[in-house]
Amino acid sequence: KIQPRFYTISSSSNAQPSGVSITMSVLKGGVCTNYLKDLKAGSDYAPIFVRPSTFRLPAQVSTPIIMVGPGTGLAPFMGFVQEFEHKSKENGGKPVEGERVLFFGCRKRDVDFIYREELNAAHESGVLTGLHLAFSREEAKKVYVQHLIAKQAKSLWKMLSAGAYVYVCGATAMGRDVKDAFIEIARSEGGKSADDAKAMLDKLQDSGRYVQELWST
């Protein structure tokens with residue numbers, strides 16, 4: 001029996017009330033991704049079930065949010081982008097208050113920089129107040145999202161101190177490295193001991209302010 005495959009919705013129900021989008025990488029020999037790729041719109045059928053997401057935006061729209069989603073881990077944050085674009089339209093075309101920072105990474109910008117136009121447009125319009133990009137195969141030394149997070153230590157600590165929510169989506173190893181980067185920020189910028197910095201991140205996670213959706217690769 002083939003087990004179900006879980007994909008994160010990459011659209012906003014307010015922006016797309018009659019449908020949902022997903023973001024996937026079609027794998028050679030992949031059963032589900034190739035099945036979905038070959039479906040014909042309007043004629044083929046696929047059994048799809050929606051379950052509650054662990055990624056929920058804060059109740060207060062102005063609450064700062066930090067998003068980390070390399071590769072297809074970007075999926076839920078495209079839903080967030082659509083949601084804030086929808087709110088901007090409701091706000092007379094002006095982005096709503098609050099900081100919204102996204103960290104995205106891929107191998108090469110001309111090969112696998114997915115949603116490139118949408119992200120750049122969101123940044124230019126102010127829907128995203130920060131967009132940090134890591135292209136791991138374009139420099140002699142590989143650069144990943146955790147390295148960009150370390151470079152933004154001061155601004156991220158300010159956001160965390162102001163009550164920011166952190167969302168991380170992608171591979172398990174990446175998630176571990178990203179959490180370590182935030183622990184280091186709490187230590188270096190917050191003046192906490194290593195143990196206290198770790199305890200702070202654990203507390204954020206327990207309170208729902210540090211949310212992860214990770215998978216093994």
# chains A, B, ... in the order shown; residues from 1 in each chain; ligands from 1

call {"tool": "select_by_dssp", "arguments": {"residues": "stretch 81-208 of chain A", "states": "strand (DSSP E or B)", "output": "JSON, numbers by chain"}}
result
{"A": [100, 101, 102, 103, 104, 105, 106, 130, 131, 132, 133, 134, 135, 165, 166, 167, 168, 169, 170, 171]}

call {"tool": "closest_atom_pairs", "arguments": {"of": "stretch 11-123 of chain A", "to": "stretch 139-145 of chain A", "cutoff": "12 Å", "atoms": "only C-alpha atoms", "output": "JSON lines"}}
result
{"residue": "A:Met67", "atom": "CA", "partner": "A:Val145", "partner_atom": "CA", "distance": 10.6}
{"residue": "A:Val68", "atom": "CA", "partner": "A:Val145", "partner_atom": "CA", "distance": 7.4}
{"residue": "A:Gly69", "atom": "CA", "partner": "A:Val145", "partner_atom": "CA", "distance": 8.3}
{"residue": "A:Pro70", "atom": "CA", "partner": "A:Val145", "partner_atom": "CA", "distance": 7.1}
{"residue": "A:Gly71", "atom": "CA", "partner": "A:Val145", "partner_atom": "CA", "distance": 10.5}
{"residue": "A:Gly73", "atom": "CA", "partner": "A:Val145", "partner_atom": "CA", "distance": 11.6}
{"residue": "A:Leu74", "atom": "CA", "partner": "A:Val145", "partner_atom": "CA", "distance": 12.0}
{"residue": "A:Leu102", "atom": "CA", "partner": "A:Val145", "partner_atom": "CA", "distance": 9.9}
{"residue": "A:Phe103", "atom": "CA", "partner": "A:Val145", "partner_atom": "CA", "distance": 6.2}
{"residue": "A:Phe104", "atom": "CA", "partner": "A:Val145", "partner_atom": "CA", "distance": 6.5}
{"residue": "A:Gly105", "atom": "CA", "partner": "A:Val145", "partner_atom": "CA", "distance": 5.9}
{"residue": "A:Cys106", "atom": "CA", "partner": "A:Tyr144", "partner_atom": "CA", "distance": 8.2}
{"residue": "A:Arg107", "atom": "CA", "partner": "A:Lys142", "partner_atom": "CA", "distance": 9.2}
{"residue": "A:Lys108", "atom": "CA", "partner": "A:Glu139", "partner_atom": "CA", "distance": 9.8}
{"residue": "A:Arg109", "atom": "CA", "partner": "A:Glu139", "partner_atom": "CA", "distance": 11.8}

call {"tool": "residues_around", "arguments": {"residues": "stretch 33-36 of chain A", "least_positions_apart": "3", "cutoff": "12 Å", "atoms": "only C-alpha atoms", "output": "tab-separated table (two decimals) with N, CA and C atoms, in the first residue's frame"}}
result
chain	number	residue	atom	x	y	z
A	4	PRO	N	0.35	8.00	1.97
A	4	PRO	CA	0.05	9.35	1.46
A	4	PRO	C	1.28	10.24	1.51
A	5	ARG	N	1.34	11.17	0.61
A	5	ARG	CA	2.41	12.18	0.58
A	5	ARG	C	1.84	13.48	1.11
A	6	PHE	N	2.63	14.16	1.93
A	6	PHE	CA	2.17	15.42	2.51
A	6	PHE	C	2.91	16.58	1.86
A	7	TYR	N	2.15	17.56	1.42
A	7	TYR	CA	2.72	18.77	0.82
A	7	TYR	C	2.15	19.98	1.53
A	22	ILE	N	0.34	23.95	-4.42
A	22	ILE	CA	1.44	23.31	-3.71
A	22	ILE	C	2.72	23.55	-4.50
A	23	THR	N	3.84	23.40	-3.83
A	23	THR	CA	5.14	23.56	-4.46
A	23	THR	C	5.91	22.27	-4.29
A	24	MET	N	6.36	21.67	-5.38
A	24	MET	CA	7.06	20.39	-5.27
A	24	MET	C	8.20	20.33	-6.27
A	25	SER	N	9.16	19.51	-5.95
A	25	SER	CA	10.26	19.22	-6.86
A	25	SER	C	10.01	17.84	-7.46
A	26	VAL	N	9.90	17.79	-8.79
A	26	VAL	CA	9.63	16.52	-9.45
A	26	VAL	C	10.90	15.67	-9.44
A	27	LEU	N	10.83	14.52	-8.79
A	27	LEU	CA	11.99	13.66	-8.61
A	27	LEU	C	12.02	12.55	-9.65
A	28	LYS	N	13.20	12.22	-10.10
A	28	LYS	CA	13.34	11.09	-11.02
A	28	LYS	C	12.94	9.82	-10.27
A	29	GLY	N	11.94	9.12	-10.78
A	29	GLY	CA	11.46	7.92	-10.12
A	29	GLY	C	10.48	8.20	-8.99
A	30	GLY	N	10.20	9.48	-8.74
A	30	GLY	CA	9.26	9.82	-7.67
A	30	GLY	C	7.84	9.44	-8.05
A	39	LEU	N	-0.93	14.86	-14.45
A	39	LEU	CA	-2.39	15.07	-14.41
A	39	LEU	C	-2.79	16.14	-15.42
A	40	LYS	N	-3.92	15.94	-16.05
A	40	LYS	CA	-4.44	16.91	-17.01
A	40	LYS	C	-5.56	17.71	-16.36
A	41	ALA	N	-5.41	19.02	-16.37
A	41	ALA	CA	-6.39	19.90	-15.74
A	41	ALA	C	-7.77	19.72	-16.38
A	44	ASP	N	-8.51	14.89	-15.20
A	44	ASP	CA	-7.99	13.88	-14.28
A	44	ASP	C	-8.40	14.19	-12.85
A	45	TYR	N	-8.35	13.15	-12.03
A	45	TYR	CA	-8.78	13.28	-10.64
A	45	TYR	C	-7.68	12.75	-9.72
A	46	ALA	N	-7.49	13.43	-8.62
A	46	ALA	CA	-6.53	12.97	-7.61
A	46	ALA	C	-7.18	13.10	-6.23
A	47	PRO	N	-7.10	12.07	-5.40
A	47	PRO	CA	-7.66	12.17	-4.04
A	47	PRO	C	-6.78	13.06	-3.17
A	48	ILE	N	-7.31	14.16	-2.74
A	48	ILE	CA	-6.55	15.15	-1.97
A	48	ILE	C	-7.33	15.50	-0.71

call {"tool": "residues_around", "arguments": {"residues": "A:Asp180", "least_positions_apart": "5", "cutoff": "9 Å", "atoms": "only C-alpha atoms", "output": "PDB file with all heavy atoms, in the first residue's frame"}}
result
ATOM      1  N   GLN A 146      21.534  29.697   6.999  1.00  0.00           N
ATOM      2  CA  GLN A 146      22.011  29.923   8.367  1.00  0.00           C
ATOM      3  C   GLN A 146      23.151  30.936   8.421  1.00  0.00           C
ATOM      4  O   GLN A 146      23.308  31.657   9.415  1.00  0.00           O
ATOM      5  CB  GLN A 146      22.430  28.600   9.025  1.00  0.00           C
ATOM      6  CG  GLN A 146      23.553  27.850   8.355  1.00  0.00           C
ATOM      7  CD  GLN A 146      23.032  26.802   7.388  1.00  0.00           C
ATOM      8  OE1 GLN A 146      21.950  26.945   6.833  1.00  0.00           O
ATOM      9  NE2 GLN A 146      23.799  25.726   7.193  1.00  0.00           N
ATOM     10  N   GLY A 175      17.128  22.725   9.388  1.00  0.00           N
ATOM     11  CA  GLY A 175      16.417  23.202  10.558  1.00  0.00           C
ATOM     12  C   GLY A 175      17.287  23.212  11.803  1.00  0.00           C
ATOM     13  O   GLY A 175      17.231  24.143  12.607  1.00  0.00           O
ATOM     14  N   ILE A 185      22.658  33.819  18.144  1.00  0.00           N
ATOM     15  CA  ILE A 185      22.216  35.215  18.181  1.00  0.00           C
ATOM     16  C   ILE A 185      21.777  35.592  19.596  1.00  0.00           C
ATOM     17  O   ILE A 185      22.102  36.679  20.090  1.00  0.00           O
ATOM     18  CB  ILE A 185      21.069  35.442  17.173  1.00  0.00           C
ATOM     19  CG1 ILE A 185      21.613  35.416  15.745  1.00  0.00           C
ATOM     20  CG2 ILE A 185      20.358  36.767  17.449  1.00  0.00           C
ATOM     21  CD1 ILE A 185      20.549  35.465  14.679  1.00  0.00           C
ATOM     22  N   LYS A 198      19.871  28.476  24.632  1.00  0.00           N
ATOM     23  CA  LYS A 198      19.145  27.287  24.185  1.00  0.00           C
ATOM     24  C   LYS A 198      17.775  27.213  24.855  1.00  0.00           C
ATOM     25  O   LYS A 198      16.766  26.878  24.219  1.00  0.00           O
ATOM     26  CB  LYS A 198      19.945  26.023  24.493  1.00  0.00           C
ATOM     27  CG  LYS A 198      19.288  24.738  23.977  1.00  0.00           C
ATOM     28  CD  LYS A 198      20.123  23.516  24.277  1.00  0.00           C
ATOM     29  CE  LYS A 198      19.485  22.254  23.714  1.00  0.00           C
ATOM     30  NZ  LYS A 198      18.108  22.045  24.211  1.00  0.00           N
TER      31      LYS A 198
END

call {"tool": "closest_residue", "arguments": {"among": "A:Val168, A:Val111, A:Ala173, A:Met200", "to": "A:Ile66", "atoms": "only C-alpha atoms"}}
result
A:Val168

call {"tool": "residues_around", "arguments": {"residues": "stretch 77-94 of chain A", "least_positions_apart": "6", "cutoff": "9 Å", "atoms": "only C-alpha atoms", "output": "list in words"}}
result
Ile9, Ser10, Ser11, Ser12, Ser13, Asn14, Ala15, Gln16, Ser21, Leu57, Val61, Met67, Val68, Gly69, Leu102, Tyr115, Glu118, Leu119, Ala122, Ser125, Gly126, Val127, Leu128, Tyr167 and Cys169 of chain A

call {"tool": "atom_distance", "arguments": {"atom1": "atom CA of A:Ile183", "atom2": "atom CA of A:Asn120"}}
result
29.1 Å

call {"tool": "closest_residue", "arguments": {"among": "A:Ser43, A:Ser136, A:Thr172, A:Ser161", "to": "A:Trp215", "atoms": "only C-alpha atoms"}}
result
A:Thr172

call {"tool": "atom_distance", "arguments": {"atom1": "atom CA of A:Arg51", "atom2": "atom CA of A:Ile65"}}
result
23.1 Å

call {"tool": "residues_around", "arguments": {"residues": "stretch 152-157 of chain A", "least_positions_apart": "2", "cutoff": "8 Å", "atoms": "only C-alpha atoms", "output": "list in words"}}
result
Leu148, Ile149, Ala150, Met159, Leu160, Ser161, Ile185, Ala186, Glu189 and Gly190 of chain A

call {"tool": "closest_residue", "arguments": {"among": "A:Thr8, A:Asp112, A:Pro58, A:Leu131", "to": "A:Leu214", "atoms": "only C-alpha atoms"}}
result
A:Thr8

call {"tool": "atom_distance", "arguments": {"atom1": "atom CA of A:Glu213", "atom2": "atom CA of A:Ala171"}}
result
8.5 Å

call {"tool": "closest_residue", "arguments": {"among": "A:Ala134, A:Leu201, A:Ala164, A:Met174", "to": "A:Ser62", "atoms": "only C-alpha atoms"}}
result
A:Ala164

call {"tool": "select_by_dssp", "arguments": {"residues": "chain A", "states": "alpha helix (DSSP H)", "output": "MDAnalysis selection string"}}
result
chainID A and resid 31:37 75:90 109:112 116:125 145:151 153:161 172:188 194:206

call {"tool": "closest_residue", "arguments": {"among": "A:Lys179, A:Val31, A:Phe135, A:Pro64", "to": "A:Asp110", "atoms": "only C-alpha atoms"}}
result
A:Phe135

call {"tool": "residues_around", "arguments": {"residues": "A:Gly130", "least_positions_apart": "5", "cutoff": "7 Å", "atoms": "only C-alpha atoms", "output": "compact mmCIF listing (two decimals) with N, CA and C atoms, in the first residue's frame"}}
result
# COMPACT_ATOMS: atom_id res chain seq x y z
N ARG A 100 8.47 41.85 8.00
CA ARG A 100 8.30 40.51 7.44
C ARG A 100 9.56 40.18 6.65
N VAL A 101 10.39 39.34 7.22
CA VAL A 101 11.70 39.05 6.64
C VAL A 101 11.76 37.59 6.19
N LEU A 102 12.26 37.38 4.98
CA LEU A 102 12.35 36.04 4.42
C LEU A 102 13.78 35.69 4.06
N HIS A 123 9.09 42.16 -2.33
CA HIS A 123 10.10 42.97 -1.64
C HIS A 123 10.03 44.43 -2.08
